[in-house]
$ cat my_file-v5.cif   # mmCIF, C-alpha atoms and all ligand atoms
data_query
#
loop_
_atom_site.label_atom_id
_atom_site.label_comp_id
_atom_site.auth_asym_id
_atom_site.auth_seq_id
_atom_site.Cartn_x
_atom_site.Cartn_y
_atom_site.Cartn_z
CA MET A 278 93.66 87.57 76.89
CA THR A 279 93.14 87.87 80.64
CA LYS A 280 94.63 91.09 81.97
CA ARG A 281 97.16 90.93 84.78
CA ALA A 282 97.25 93.46 87.58
CA LEU A 283 100.05 93.83 90.12
CA ILE A 284 99.09 95.65 93.34
CA THR A 285 101.44 96.91 96.03
CA GLY A 286 99.68 97.41 99.37
CA ILE A 287 97.20 94.61 98.61
CA THR A 288 96.85 93.85 102.33
CA GLY A 289 95.70 97.43 103.02
CA GLN A 290 92.20 98.90 102.82
CA ASP A 291 92.35 100.02 99.19
CA GLY A 292 94.36 97.01 98.06
CA ALA A 293 91.65 94.66 99.32
CA TYR A 294 88.80 96.56 97.65
CA LEU A 295 90.78 97.03 94.43
CA ALA A 296 91.61 93.30 94.30
CA GLN A 297 87.91 92.51 94.74
CA ASN A 298 86.98 95.01 92.03
CA LEU A 299 89.55 93.67 89.53
CA LEU A 300 88.71 90.01 90.22
CA ALA A 301 85.07 90.83 89.41
CA LYS A 302 86.26 92.34 86.13
CA GLY A 303 88.07 89.08 85.28
CA TYR A 304 91.65 90.14 86.01
CA ASP A 305 94.47 87.91 87.20
CA VAL A 306 95.38 89.69 90.42
CA TRP A 307 98.84 89.57 92.01
CA GLY A 308 99.81 91.32 95.20
CA ILE A 309 103.21 92.25 96.58
CA VAL A 310 103.40 91.51 100.30
CA ARG A 311 106.21 92.31 102.69
CA ARG A 312 107.63 89.74 105.01
CA SER A 313 106.76 89.98 108.67
CA SER A 314 107.25 87.76 111.70
CA HIS A 315 103.57 86.83 111.66
CA PHE A 316 102.65 83.41 110.38
CA GLY A 317 101.51 83.73 106.79
CA ILE A 318 100.25 86.96 105.24
CA ALA A 319 98.46 89.78 107.06
CA ASP A 320 95.41 89.09 104.90
CA HIS A 321 92.57 89.84 107.32
CA ARG A 322 91.04 92.39 104.95
CA LEU A 323 91.15 90.00 101.99
CA ARG A 324 89.59 87.36 104.25
CA TRP A 325 86.84 89.80 105.29
CA LEU A 326 85.98 90.11 101.58
CA GLY A 327 86.37 86.34 101.06
CA ILE A 328 88.99 86.69 98.30
CA GLU A 329 92.21 85.62 100.05
CA HIS A 330 92.51 82.48 97.90
CA ASP A 331 91.72 84.25 94.63
CA VAL A 332 94.83 86.43 94.66
CA GLN A 333 98.42 85.39 93.98
CA TYR A 334 101.08 86.70 96.33
CA ILE A 335 104.64 87.67 95.66
CA ASP A 336 107.26 88.60 98.22
CA GLY A 337 108.63 92.13 98.01
CA ASN A 338 109.16 95.50 99.60
CA LEU A 339 108.92 99.00 98.13
CA ILE A 340 112.36 99.89 99.45
CA ASP A 341 113.98 96.87 97.75
CA LEU A 342 114.20 97.61 94.03
CA SER A 343 115.47 94.09 93.27
CA SER A 344 112.30 92.57 94.73
CA LEU A 345 110.11 94.86 92.62
CA LEU A 346 112.09 94.01 89.49
CA ARG A 347 111.65 90.31 90.20
CA ALA A 348 107.92 90.82 90.76
CA VAL A 349 107.46 92.72 87.48
CA ASN A 350 109.50 90.10 85.61
CA THR A 351 107.44 87.27 87.11
CA VAL A 352 103.99 88.79 86.68
CA GLU A 353 104.49 90.73 83.43
CA PRO A 354 101.59 92.98 84.46
CA ASP A 355 99.39 95.03 82.14
CA GLU A 356 98.60 97.35 85.03
CA VAL A 357 100.48 98.20 88.22
CA TYR A 358 98.67 99.86 91.12
CA ASN A 359 101.10 101.34 93.64
CA LEU A 360 99.08 101.53 96.85
CA GLY A 361 101.80 100.50 99.32
CA ALA A 362 102.93 103.22 101.72
CA GLN A 363 103.56 104.26 105.29
CA SER A 364 100.13 105.83 105.06
CA TYR A 365 99.44 107.32 108.49
CA VAL A 366 100.10 111.07 108.77
CA ALA A 367 100.60 111.07 112.56
CA SER A 368 103.28 108.33 112.35
CA SER A 369 105.12 110.27 109.69
CA TRP A 370 106.43 112.67 112.36
CA GLN A 371 107.64 109.68 114.42
CA GLN A 372 109.24 107.94 111.41
CA PRO A 373 110.02 110.69 108.89
CA VAL A 374 112.94 108.92 107.23
CA LEU A 375 111.10 105.64 106.80
CA THR A 376 108.10 107.56 105.45
CA ALA A 377 110.36 109.29 102.91
CA GLN A 378 111.87 105.95 101.89
CA VAL A 379 108.66 103.92 101.60
CA THR A 380 106.09 106.57 100.61
CA GLY A 381 108.40 108.85 98.58
CA VAL A 382 111.25 106.75 97.14
CA GLY A 383 109.25 103.49 97.05
CA PRO A 384 107.12 104.62 94.08
CA THR A 385 110.32 105.67 92.28
CA ASN A 386 111.63 102.14 92.75
CA MET A 387 108.39 100.79 91.26
CA LEU A 388 108.59 103.19 88.32
CA GLU A 389 112.19 102.11 87.69
CA ALA A 390 111.27 98.43 87.85
CA ILE A 391 108.53 99.01 85.26
CA ARG A 392 110.74 101.16 83.05
CA ILE A 393 113.40 98.45 83.01
CA ALA A 394 111.28 95.29 82.87
CA LYS A 395 107.84 96.15 81.40
CA PRO A 396 107.75 99.73 80.10
CA ASP A 397 104.34 99.34 78.45
CA ALA A 398 102.65 98.46 81.75
CA ARG A 399 100.21 101.12 82.93
CA PHE A 400 100.99 102.64 86.34
CA TYR A 401 98.75 104.11 89.02
CA GLN A 402 100.24 106.15 91.86
CA ALA A 403 98.20 106.56 95.07
CA SER A 404 98.65 110.28 95.60
CA SER A 405 96.91 112.15 98.39
CA SER A 406 94.96 115.30 99.23
CA GLU A 407 97.51 115.70 102.05
CA MET A 408 99.73 117.22 99.32
CA PHE A 409 97.41 120.29 99.46
CA GLY A 410 98.00 120.59 103.22
CA LEU A 411 97.76 124.30 104.00
CA ILE A 412 95.22 124.83 101.28
CA GLN A 413 95.86 127.53 98.69
CA GLU A 414 92.33 127.47 97.21
CA ALA A 415 88.95 126.78 98.81
CA HIS A 416 88.20 123.91 96.39
CA GLN A 417 91.27 121.86 95.52
CA ASN A 418 91.59 120.62 91.95
CA GLU A 419 94.41 119.30 89.74
CA LYS A 420 95.80 122.83 89.23
CA THR A 421 95.76 123.92 92.88
CA PRO A 422 99.29 124.61 94.21
CA PHE A 423 100.55 122.09 96.78
CA TYR A 424 101.64 122.90 100.35
CA PRO A 425 102.24 119.66 102.31
CA ARG A 426 102.12 119.93 106.11
CA SER A 427 103.67 116.61 107.21
CA PRO A 428 106.51 114.27 106.26
CA TYR A 429 103.78 112.06 104.75
CA GLY A 430 102.47 114.89 102.56
CA ALA A 431 105.98 115.82 101.45
CA ALA A 432 106.83 112.19 100.59
CA LYS A 433 103.60 111.83 98.59
CA LEU A 434 104.39 115.04 96.73
CA PHE A 435 107.81 113.71 95.69
CA ALA A 436 106.20 110.50 94.43
CA HIS A 437 103.54 112.49 92.58
CA TRP A 438 106.14 114.54 90.73
CA MET A 439 108.20 111.44 89.94
CA THR A 440 105.07 109.90 88.38
CA VAL A 441 104.57 113.03 86.25
CA ASN A 442 108.27 113.01 85.33
CA TYR A 443 108.33 109.36 84.25
CA ARG A 444 105.28 110.08 82.11
CA GLU A 445 106.91 113.09 80.47
CA SER A 446 110.50 111.73 80.29
CA TYR A 447 109.83 108.19 79.11
CA GLY A 448 106.30 108.34 77.70
CA MET A 449 105.10 105.87 80.31
CA HIS A 450 101.37 105.47 80.94
CA ALA A 451 101.72 106.74 84.53
CA SER A 452 98.75 108.38 86.25
CA SER A 453 98.47 110.04 89.63
CA GLY A 454 95.18 109.79 91.50
CA ILE A 455 94.96 112.59 94.07
CA LEU A 456 92.50 110.90 96.38
CA PHE A 457 90.82 112.63 99.28
CA ASN A 458 90.21 110.68 102.51
CA HIS A 459 88.29 107.47 101.93
CA GLU A 460 87.17 105.05 104.56
CA SER A 461 85.29 101.77 105.02
CA PRO A 462 84.87 98.94 107.53
CA LEU A 463 88.39 97.91 106.41
CA ARG A 464 90.01 101.26 107.33
CA GLY A 465 92.99 101.00 109.72
CA ILE A 466 91.91 101.44 113.34
CA GLU A 467 94.29 104.39 113.86
CA PHE A 468 92.46 106.64 111.38
CA VAL A 469 89.84 108.87 112.93
CA THR A 470 86.65 107.49 111.31
CA ARG A 471 87.43 103.88 112.21
CA LYS A 472 88.74 104.84 115.65
CA VAL A 473 85.36 106.50 116.22
CA THR A 474 83.14 103.71 114.85
CA ASP A 475 85.14 101.06 116.73
CA ALA A 476 84.87 103.00 120.00
CA VAL A 477 81.16 103.78 119.51
CA ALA A 478 80.46 100.08 118.93
CA GLN A 479 82.38 99.13 122.08
CA ILE A 480 80.66 101.84 124.15
CA LYS A 481 77.27 100.65 122.90
CA LEU A 482 78.16 97.08 123.94
CA GLY A 483 79.36 98.26 127.37
CA LYS A 484 83.00 97.40 126.68
CA LEU A 485 84.43 100.93 126.71
CA LYS A 486 83.66 104.07 128.71
CA GLU A 487 85.09 106.96 126.66
CA LEU A 488 86.41 108.07 123.29
CA ARG A 489 89.59 110.20 123.30
CA LEU A 490 90.23 112.42 120.29
CA GLY A 491 92.48 115.32 119.29
CA ASN A 492 91.42 118.18 117.03
CA ILE A 493 87.73 117.66 116.28
CA ASP A 494 87.46 120.97 114.40
CA ALA A 495 89.44 119.60 111.43
CA LYS A 496 87.34 119.06 108.32
CA ARG A 497 87.74 116.36 105.70
CA ASP A 498 86.18 115.40 102.37
CA TRP A 499 85.35 111.77 103.21
CA GLY A 500 84.24 109.16 100.67
CA HIS A 501 83.96 105.35 100.54
CA ALA A 502 86.99 103.26 99.50
CA ARG A 503 84.78 100.94 97.43
CA ASP A 504 83.87 103.89 95.19
CA TYR A 505 87.43 105.22 95.00
CA VAL A 506 89.11 102.04 93.73
CA GLU A 507 86.85 102.16 90.67
CA ALA A 508 88.29 105.61 89.88
CA MET A 509 91.82 104.11 90.03
CA TRP A 510 90.87 101.50 87.45
CA LEU A 511 89.15 104.04 85.21
CA MET A 512 92.33 106.17 85.10
CA LEU A 513 94.29 103.25 83.66
CA GLN A 514 91.64 102.60 80.98
CA GLN A 515 92.11 106.06 79.42
CA ASP A 516 94.13 106.45 76.21
CA LYS A 517 96.34 109.02 77.90
CA PRO A 518 97.77 109.06 81.42
CA ASP A 519 96.88 112.08 83.56
CA ASP A 520 96.31 113.40 87.09
CA TYR A 521 92.86 113.34 88.69
CA VAL A 522 91.36 114.61 91.93
CA VAL A 523 88.98 112.03 93.41
CA ALA A 524 86.66 113.43 96.10
CA THR A 525 83.01 113.87 97.07
CA GLY A 526 82.98 117.69 96.90
CA GLN A 527 81.66 117.94 100.47
CA THR A 528 83.51 118.61 103.70
CA THR A 529 82.51 117.67 107.25
CA SER A 530 84.14 118.29 110.62
CA VAL A 531 85.43 115.45 112.78
CA ARG A 532 82.92 116.63 115.42
CA GLU A 533 79.95 116.21 113.03
CA MET A 534 81.23 112.80 111.93
CA VAL A 535 81.45 111.67 115.58
CA GLU A 536 77.90 112.91 116.18
CA ILE A 537 76.63 110.82 113.25
CA ALA A 538 78.17 107.69 114.80
CA PHE A 539 76.80 108.28 118.33
CA ASP A 540 73.36 109.29 117.01
CA TYR A 541 73.17 106.04 115.07
CA VAL A 542 73.43 103.92 118.22
CA GLY A 543 71.18 106.27 120.23
CA LEU A 544 73.88 107.70 122.53
CA GLU A 545 74.90 111.30 123.38
CA MET A 546 78.38 112.22 122.10
CA ASP A 547 79.02 114.63 125.00
CA ASP A 548 78.63 111.84 127.57
CA TYR A 549 81.65 109.96 126.20
CA LEU A 550 83.95 112.27 124.19
CA VAL A 551 87.20 113.42 125.84
CA ILE A 552 89.56 115.85 124.10
CA ASP A 553 93.16 114.75 124.63
CA PRO A 554 95.83 117.42 123.88
CA HIS A 555 98.38 114.64 123.30
CA LEU A 556 96.48 113.66 120.16
CA PHE A 557 96.95 117.06 118.48
CA ARG A 558 99.55 117.02 115.69
CA PRO A 559 102.68 119.20 115.28
CA ALA A 560 101.00 120.79 112.26
CA GLU A 561 97.40 120.36 111.16
CA VAL A 562 95.61 120.22 107.84
CA ASP A 563 92.56 122.21 108.95
CA ILE A 564 90.26 121.62 106.00
CA LEU A 565 90.19 119.66 102.75
CA LEU A 566 87.53 119.99 100.08
CA GLY A 567 88.06 118.41 96.68
CA ASP A 568 86.68 119.42 93.30
CA PRO A 569 86.05 116.13 91.46
CA GLY A 570 84.88 117.91 88.27
CA LYS A 571 87.63 116.52 86.03
CA ALA A 572 87.10 112.91 87.20
CA LYS A 573 83.39 113.31 86.49
CA ALA A 574 83.92 114.83 83.05
CA MET A 575 86.78 112.60 81.83
CA LEU A 576 86.18 109.32 83.70
CA GLY A 577 82.42 109.50 84.21
CA TRP A 578 83.13 108.88 87.90
CA SER A 579 81.39 110.26 90.94
CA ALA A 580 81.10 109.21 94.57
CA THR A 581 77.97 107.19 95.36
CA THR A 582 78.08 106.75 99.16
CA SER A 583 77.16 109.54 101.59
CA LEU A 584 79.19 110.06 104.76
CA PRO A 585 76.28 109.17 107.12
CA ASP A 586 75.63 105.93 105.18
CA MET A 587 79.32 105.03 105.31
CA ILE A 588 79.66 105.76 109.04
CA ARG A 589 76.58 103.64 109.74
CA GLU A 590 78.04 100.77 107.67
CA MET A 591 81.29 101.06 109.66
CA VAL A 592 79.49 101.11 113.05
CA ASP A 593 77.49 98.04 112.02
CA ALA A 594 80.68 96.18 111.04
CA ASP A 595 82.36 97.09 114.34
CA LEU A 596 79.27 96.00 116.30
CA VAL A 597 79.51 92.63 114.55
CA ARG A 598 83.25 92.35 115.28
CA HIS A 599 82.88 93.20 118.96
CA SER A 600 79.75 91.10 119.45
CA ALA A 601 81.59 88.13 117.93
CA ASN A 602 84.54 88.74 120.26
CA ALA A 603 82.18 88.64 123.24
CA GLY A 604 81.40 85.00 122.57
P1 LIG A 701 96.79 101.12 104.29
O1 LIG A 701 97.62 101.72 105.37
O2 LIG A 701 95.52 100.41 104.67
O3 LIG A 701 97.68 100.09 103.45
C1 LIG A 701 99.03 100.33 103.20
C2 LIG A 701 99.61 99.13 102.50
O4 LIG A 701 101.00 99.39 102.22
C3 LIG A 701 99.57 97.83 103.33
O5 LIG A 701 99.25 96.76 102.47
C4 LIG A 701 101.01 97.70 103.81
O6 LIG A 701 101.40 96.37 104.06
C5 LIG A 701 101.75 98.24 102.59
N1 LIG A 701 103.14 98.62 102.87
C6 LIG A 701 103.60 99.38 103.88
N2 LIG A 701 104.93 99.50 103.81
C7 LIG A 701 105.33 98.79 102.72
C8 LIG A 701 106.59 98.51 102.15
N3 LIG A 701 107.72 99.00 102.66
N4 LIG A 701 106.64 97.73 101.04
C9 LIG A 701 105.48 97.21 100.51
N5 LIG A 701 104.26 97.44 101.02
C10 LIG A 701 104.19 98.22 102.13
O7 LIG A 701 96.47 102.30 103.25
P2 LIG A 701 95.16 102.54 102.34
O8 LIG A 701 94.76 101.27 101.73
O9 LIG A 701 94.18 103.35 103.11
O10 LIG A 701 95.74 103.52 101.23
C11 LIG A 701 96.30 103.01 100.02
C12 LIG A 701 97.25 104.05 99.43
O11 LIG A 701 96.52 105.24 99.14
C13 LIG A 701 98.38 104.47 100.36
O12 LIG A 701 99.50 104.74 99.55
C14 LIG A 701 97.86 105.75 100.99
O13 LIG A 701 98.93 106.56 101.42
C15 LIG A 701 97.10 106.34 99.82
N6 LIG A 701 96.01 107.23 100.16
C16 LIG A 701 95.04 106.81 101.02
C17 LIG A 701 93.99 107.63 101.32
C18 LIG A 701 92.91 107.17 102.25
O14 LIG A 701 92.12 108.02 102.68
N7 LIG A 701 92.79 105.89 102.53
C19 LIG A 701 93.87 108.99 100.75
C20 LIG A 701 94.91 109.29 99.76
C21 LIG A 701 95.93 108.44 99.51
P3 LIG A 701 101.20 95.68 105.55
O15 LIG A 701 99.83 95.07 105.52
O16 LIG A 701 102.30 94.68 105.59
O17 LIG A 701 101.33 96.76 106.57
P1 LIG A 702 94.46 112.16 107.65
O1 LIG A 702 93.59 113.23 107.06
O2 LIG A 702 95.13 111.31 106.62
O3 LIG A 702 95.42 112.67 108.65
O4 LIG A 702 93.43 111.12 108.36
P2 LIG A 702 93.10 110.83 109.90
O5 LIG A 702 91.85 110.02 109.90
O6 LIG A 702 94.29 110.24 110.60
O7 LIG A 702 92.83 112.27 110.55
C1 LIG A 702 91.80 113.11 110.07
C2 LIG A 702 91.68 114.33 110.98
O8 LIG A 702 91.16 113.91 112.26
C3 LIG A 702 93.01 115.05 111.27
O9 LIG A 702 92.79 116.43 111.17
C4 LIG A 702 93.31 114.67 112.71
O10 LIG A 702 94.05 115.66 113.43
C5 LIG A 702 91.90 114.58 113.28
N1 LIG A 702 91.83 113.80 114.52
C6 LIG A 702 91.33 114.23 115.69
N2 LIG A 702 91.48 113.29 116.63
C7 LIG A 702 92.09 112.24 116.05
C8 LIG A 702 92.51 110.96 116.53
O11 LIG A 702 92.37 110.59 117.68
N3 LIG A 702 93.11 110.13 115.60
C9 LIG A 702 93.27 110.50 114.30
N4 LIG A 702 93.83 109.62 113.44
N5 LIG A 702 92.90 111.70 113.83
C10 LIG A 702 92.32 112.56 114.69
#

$ encode --input "my_file-v5.cif" --output "structure tokens" --more "lines below"
Ligand code: NDP
Ligand code: GDP
Amino acid sequence: MTKRALITGITGQDGAYLAQNLLAKGYDVWGIVRRSSHFGIADHRLRWLGIEHDVQYIDGNLIDLSSLLRAVNTVEPDEVYNLGAQSYVASSWQQPVLTAQVTGVGPTNMLEAIRIAKPDARFYQASSSEMFGLIQEAHQNEKTPFYPRSPYGAAKLFAHWMTVNYRESYGMHASSGILFNHESPLRGIEFVTRKVTDAVAQIKLGKLKELRLGNIDAKRDWGHARDYVEAMWLMLQQDKPDDYVVATGQTTSVREMVEIAFDYVGLEMDDYLVIDPHLFRPAEVDILLGDPGKAKAMLGWSATTSLPDMIREMVDADLVRHSANAG
């Protein structure tokens, strides 16, 4: 029998790569999309991958339990991947209540819909390294205490614990993937890697004069989204649900990442970079460094793409986008 997967957040970066990954594995892929005033679906990422017609769409919103119930009843999924969220840390200070509702309570709505309508469906929750926030250990693993530093991190932590609780209370196959930052040419333009590669491409093409950034001393453990969606799938293939850290095990400063991008196009970072105090956050997560040992041992998973290779892939994609726009 063909397996059915239901994905929330299918129009986002990870949703697009996960849909591509599951289609290649022979799944029937359904995505929940929220209504907007735009014509049709915001499917530019699915179009970039050439899979927009291979997925089936269903109307819904994480803050509307009835829509999730209807979706689960319609699709009768074997696996549910909850990737939908207000996912941008900086916006979570501007919209803390919405972030709590969508990113924190939304997954609870999804868990309830599954518990009521399809309790044997396997569930993946997109948890985040932002839950470690003010880090309590140099290498963060599944046992490291949490200390979120933003409304986003706090909302993700609530959803993480609800996932654990539904697993323990109802015996549901609910897993939490604690993923460290992962990027790609499909990353939202507001996140720092994509903001950098997009600006570097425009500067190279003579369309932009400077790149404005906030705290370039922050360090992140950056991997490639294409690698990370495979880890999500692997979690749901295990006999038992569990929590897993997914990371590269290497950390790099924003400054070094920016240098990689400028070096690639043969330009000097210092000629274009402007530090803008307005872009600093009310509280910062200074450094993240994951320990992916459990994912390697239990899932046989490890990251395959280096940060320089990924940044170069992203710059190339942005050069193509901006060159095409020129015509
Ligand atoms: P994106 O921001 O690219 O995608 C978010 C998705 O959520 C979009 O499809 C968006 O739809 C959807 N969405 C937003 N609000 C709602 C809502 N109210 N109801 C239903 N869907 C909604 O995120 P990523 O793909 O990068 O990340 C996927 C998940 O993984 C997120 O939960 C994120 O928080 C988490 N995560 C991401 C990490 C990363 O580094 N990328 C690291 C750790 C966790 P629309 O297109 O309409 O806006
Ligand atoms: P996050 O780790 O989920 O917050 O991912 P981001 O890509 O948004 O930010 C990563 C780091 O880059 C954070 O420490 C930010 O403070 C830092 N940063 C510095 N300048 C910028 C900027 O202009 N935009 C963003 N998004 N982040 C920036």

$ residues_around --input "my_file-v5.cif" --residues "stretch 527-533 of chain A" --least-positions-apart "6" --cutoff "12 Å" --atoms "only C-alpha atoms" --output "PyMOL selection string"
chain A and resi 415-417+457-458+468-473+490-500+539-540+546-547+550-552+562-569+580+582-585+588

$ atom_distance --input "my_file-v5.cif" --atom1 "atom CA of A:Met575" --atom2 "atom CA of A:Ala403"
18.5 Å

$ closest_atom_pairs --input "my_file-v5.cif" --of "chain A" --to "ligand LIG 701 (chain A)" --cutoff "6 Å" --atoms "all atoms listed in the file" --output "tab-separated table"
residue	atom	partner	partner_atom	distance
A:Thr285	CA	A:LIG701	N5	5.8
A:Gly286	CA	A:LIG701	O5	3.2
A:Ile287	CA	A:LIG701	O5	4.9
A:Thr288	CA	A:LIG701	O5	3.8
A:Gly289	CA	A:LIG701	O3	3.3
A:Gln290	CA	A:LIG701	O8	3.7
A:Asp291	CA	A:LIG701	O8	3.7
A:Gly292	CA	A:LIG701	O8	5.6
A:Arg311	CA	A:LIG701	C9	5.4
A:Ala319	CA	A:LIG701	O15	5.7
A:Asn338	CA	A:LIG701	N4	3.7
A:Leu339	CA	A:LIG701	N4	3.9
A:Ile340	CA	A:LIG701	N3	5.7
A:Leu360	CA	A:LIG701	C12	4.0
A:Gly361	CA	A:LIG701	O4	3.2
A:Ala362	CA	A:LIG701	O4	4.3
A:Gln363	CA	A:LIG701	C6	5.1
A:Ser364	CA	A:LIG701	O13	3.9
A:Val379	CA	A:LIG701	N3	5.1
A:Ala403	CA	A:LIG701	O11	4.6
A:Ser404	CA	A:LIG701	C21	5.1
A:Ser405	CA	A:LIG701	C20	3.7
A:Leu456	CA	A:LIG701	C20	4.5
A:Phe457	CA	A:LIG701	C19	5.0
A:Asn458	CA	A:LIG701	O14	3.3
A:His459	CA	A:LIG701	O14	3.9
A:Gly465	CA	A:LIG701	O2	5.7

$ closest_residue --input "my_file-v5.cif" --among "A:Leu488, A:Ala432, A:Ala574, A:Ile412" --to "ligand LIG 702 (chain A)" --atoms "all atoms listed in the file"
A:Leu488

$ residues_around --input "my_file-v5.cif" --residues "A:Ser343" --least-positions-apart "5" --cutoff "10 Å" --atoms "all atoms listed in the file" --output "PyMOL selection string"
chain A and resi 337-338+348-349+386-387+390

$ atom_distance --input "my_file-v5.cif" --atom1 "atom CA of A:Leu300" --atom2 "atom CA of A:Lys571"
26.9 Å

$ residues_near_point --input "my_file-v5.cif" --point "(103.7, 110.7, 88.0)" --cutoff "6 Å" --atoms "all atoms listed in the file" --output "MDAnalysis selection string"
chainID A and resid 437:442 451:453

$ closest_residue --input "my_file-v5.cif" --among "A:Phe409, A:Tyr505, A:Trp510, A:Trp578" --to "ligand LIG 702 (chain A)" --atoms "only C-alpha atoms and all ligand atoms"
A:Phe409

$ closest_residue --input "my_file-v5.cif" --among "A:Glu414, A:Tyr365, A:Ile328, A:Asn359" --to "A:Glu467" --atoms "only C-alpha atoms"
A:Tyr365

$ atom_distance --input "my_file-v5.cif" --atom1 "atom CA of A:Val522" --atom2 "atom CA of A:Leu326"
26.9 Å

$ closest_residue --input "my_file-v5.cif" --among "A:Asp593, A:Glu389, A:Glu561, A:Glu356" --to "ligand LIG 702 (chain A)" --atoms "only C-alpha atoms and all ligand atoms"
A:Glu561

$ axis_aligned_box --input "my_file-v5.cif" --around "stretch 425-438 of chain A" --padding-each-side "3 Å" --output "AutoDock Vina command-line options"
--center_x 105.0 --center_y 115.2 --center_z 99.0 --size_x 11.7 --size_y 15.4 --size_z 22.5

$ build_atoms --input "my_file-v5.cif" --residues "stretch 576-590 of chain A" --atoms "N, CA, C and O atoms" --output "PDB file, in the coordinates of the input"
ATOM      1  N   LEU A 576      86.283 110.745  83.343  1.00  0.00           N
ATOM      2  CA  LEU A 576      86.180 109.320  83.700  1.00  0.00           C
ATOM      3  C   LEU A 576      84.725 108.871  83.863  1.00  0.00           C
ATOM      4  O   LEU A 576      84.454 107.673  83.977  1.00  0.00           O
ATOM      5  N   GLY A 577      83.823 109.845  83.935  1.00  0.00           N
ATOM      6  CA  GLY A 577      82.420 109.500  84.210  1.00  0.00           C
ATOM      7  C   GLY A 577      82.253 108.973  85.623  1.00  0.00           C
ATOM      8  O   GLY A 577      81.324 108.221  85.927  1.00  0.00           O
ATOM      9  N   TRP A 578      83.160 109.392  86.527  1.00  0.00           N
ATOM     10  CA  TRP A 578      83.130 108.880  87.900  1.00  0.00           C
ATOM     11  C   TRP A 578      82.535 109.885  88.862  1.00  0.00           C
ATOM     12  O   TRP A 578      82.810 111.075  88.758  1.00  0.00           O
ATOM     13  N   SER A 579      81.714 109.421  89.789  1.00  0.00           N
ATOM     14  CA  SER A 579      81.390 110.260  90.940  1.00  0.00           C
ATOM     15  C   SER A 579      81.115 109.371  92.148  1.00  0.00           C
ATOM     16  O   SER A 579      80.802 108.185  92.006  1.00  0.00           O
ATOM     17  N   ALA A 580      81.286 109.962  93.329  1.00  0.00           N
ATOM     18  CA  ALA A 580      81.100 109.210  94.570  1.00  0.00           C
ATOM     19  C   ALA A 580      79.620 108.842  94.721  1.00  0.00           C
ATOM     20  O   ALA A 580      78.745 109.626  94.369  1.00  0.00           O
ATOM     21  N   THR A 581      79.365 107.637  95.248  1.00  0.00           N
ATOM     22  CA  THR A 581      77.970 107.190  95.360  1.00  0.00           C
ATOM     23  C   THR A 581      77.521 107.019  96.811  1.00  0.00           C
ATOM     24  O   THR A 581      76.335 106.837  97.056  1.00  0.00           O
ATOM     25  N   THR A 582      78.460 107.052  97.768  1.00  0.00           N
ATOM     26  CA  THR A 582      78.080 106.750  99.160  1.00  0.00           C
ATOM     27  C   THR A 582      78.186 108.015 100.010  1.00  0.00           C
ATOM     28  O   THR A 582      79.229 108.660 100.029  1.00  0.00           O
ATOM     29  N   SER A 583      77.128 108.351 100.727  1.00  0.00           N
ATOM     30  CA  SER A 583      77.160 109.540 101.590  1.00  0.00           C
ATOM     31  C   SER A 583      77.946 109.218 102.868  1.00  0.00           C
ATOM     32  O   SER A 583      78.063 108.054 103.272  1.00  0.00           O
ATOM     33  N   LEU A 584      78.449 110.276 103.513  1.00  0.00           N
ATOM     34  CA  LEU A 584      79.190 110.060 104.760  1.00  0.00           C
ATOM     35  C   LEU A 584      78.328 109.392 105.835  1.00  0.00           C
ATOM     36  O   LEU A 584      78.770 108.401 106.441  1.00  0.00           O
ATOM     37  N   PRO A 585      77.082 109.856 106.084  1.00  0.00           N
ATOM     38  CA  PRO A 585      76.280 109.170 107.120  1.00  0.00           C
ATOM     39  C   PRO A 585      76.076 107.678 106.807  1.00  0.00           C
ATOM     40  O   PRO A 585      76.199 106.836 107.695  1.00  0.00           O
ATOM     41  N   ASP A 586      75.809 107.352 105.526  1.00  0.00           N
ATOM     42  CA  ASP A 586      75.630 105.930 105.180  1.00  0.00           C
ATOM     43  C   ASP A 586      76.911 105.140 105.455  1.00  0.00           C
ATOM     44  O   ASP A 586      76.874 104.008 105.948  1.00  0.00           O
ATOM     45  N   MET A 587      78.055 105.744 105.108  1.00  0.00           N
ATOM     46  CA  MET A 587      79.320 105.030 105.310  1.00  0.00           C
ATOM     47  C   MET A 587      79.604 104.832 106.800  1.00  0.00           C
ATOM     48  O   MET A 587      80.005 103.736 107.226  1.00  0.00           O
ATOM     49  N   ILE A 588      79.398 105.878 107.592  1.00  0.00           N
ATOM     50  CA  ILE A 588      79.660 105.760 109.040  1.00  0.00           C
ATOM     51  C   ILE A 588      78.747 104.686 109.650  1.00  0.00           C
ATOM     52  O   ILE A 588      79.183 103.871 110.466  1.00  0.00           O
ATOM     53  N   ARG A 589      77.503 104.666 109.204  1.00  0.00           N
ATOM     54  CA  ARG A 589      76.580 103.640 109.740  1.00  0.00           C
ATOM     55  C   ARG A 589      77.042 102.237 109.349  1.00  0.00           C
ATOM     56  O   ARG A 589      76.989 101.307 110.154  1.00  0.00           O
ATOM     57  N   GLU A 590      77.515 102.082 108.109  1.00  0.00           N
ATOM     58  CA  GLU A 590      78.040 100.770 107.670  1.00  0.00           C
ATOM     59  C   GLU A 590      79.251 100.370 108.546  1.00  0.00           C
ATOM     60  O   GLU A 590      79.392  99.208 108.942  1.00  0.00           O
TER      61      GLU A 590
END
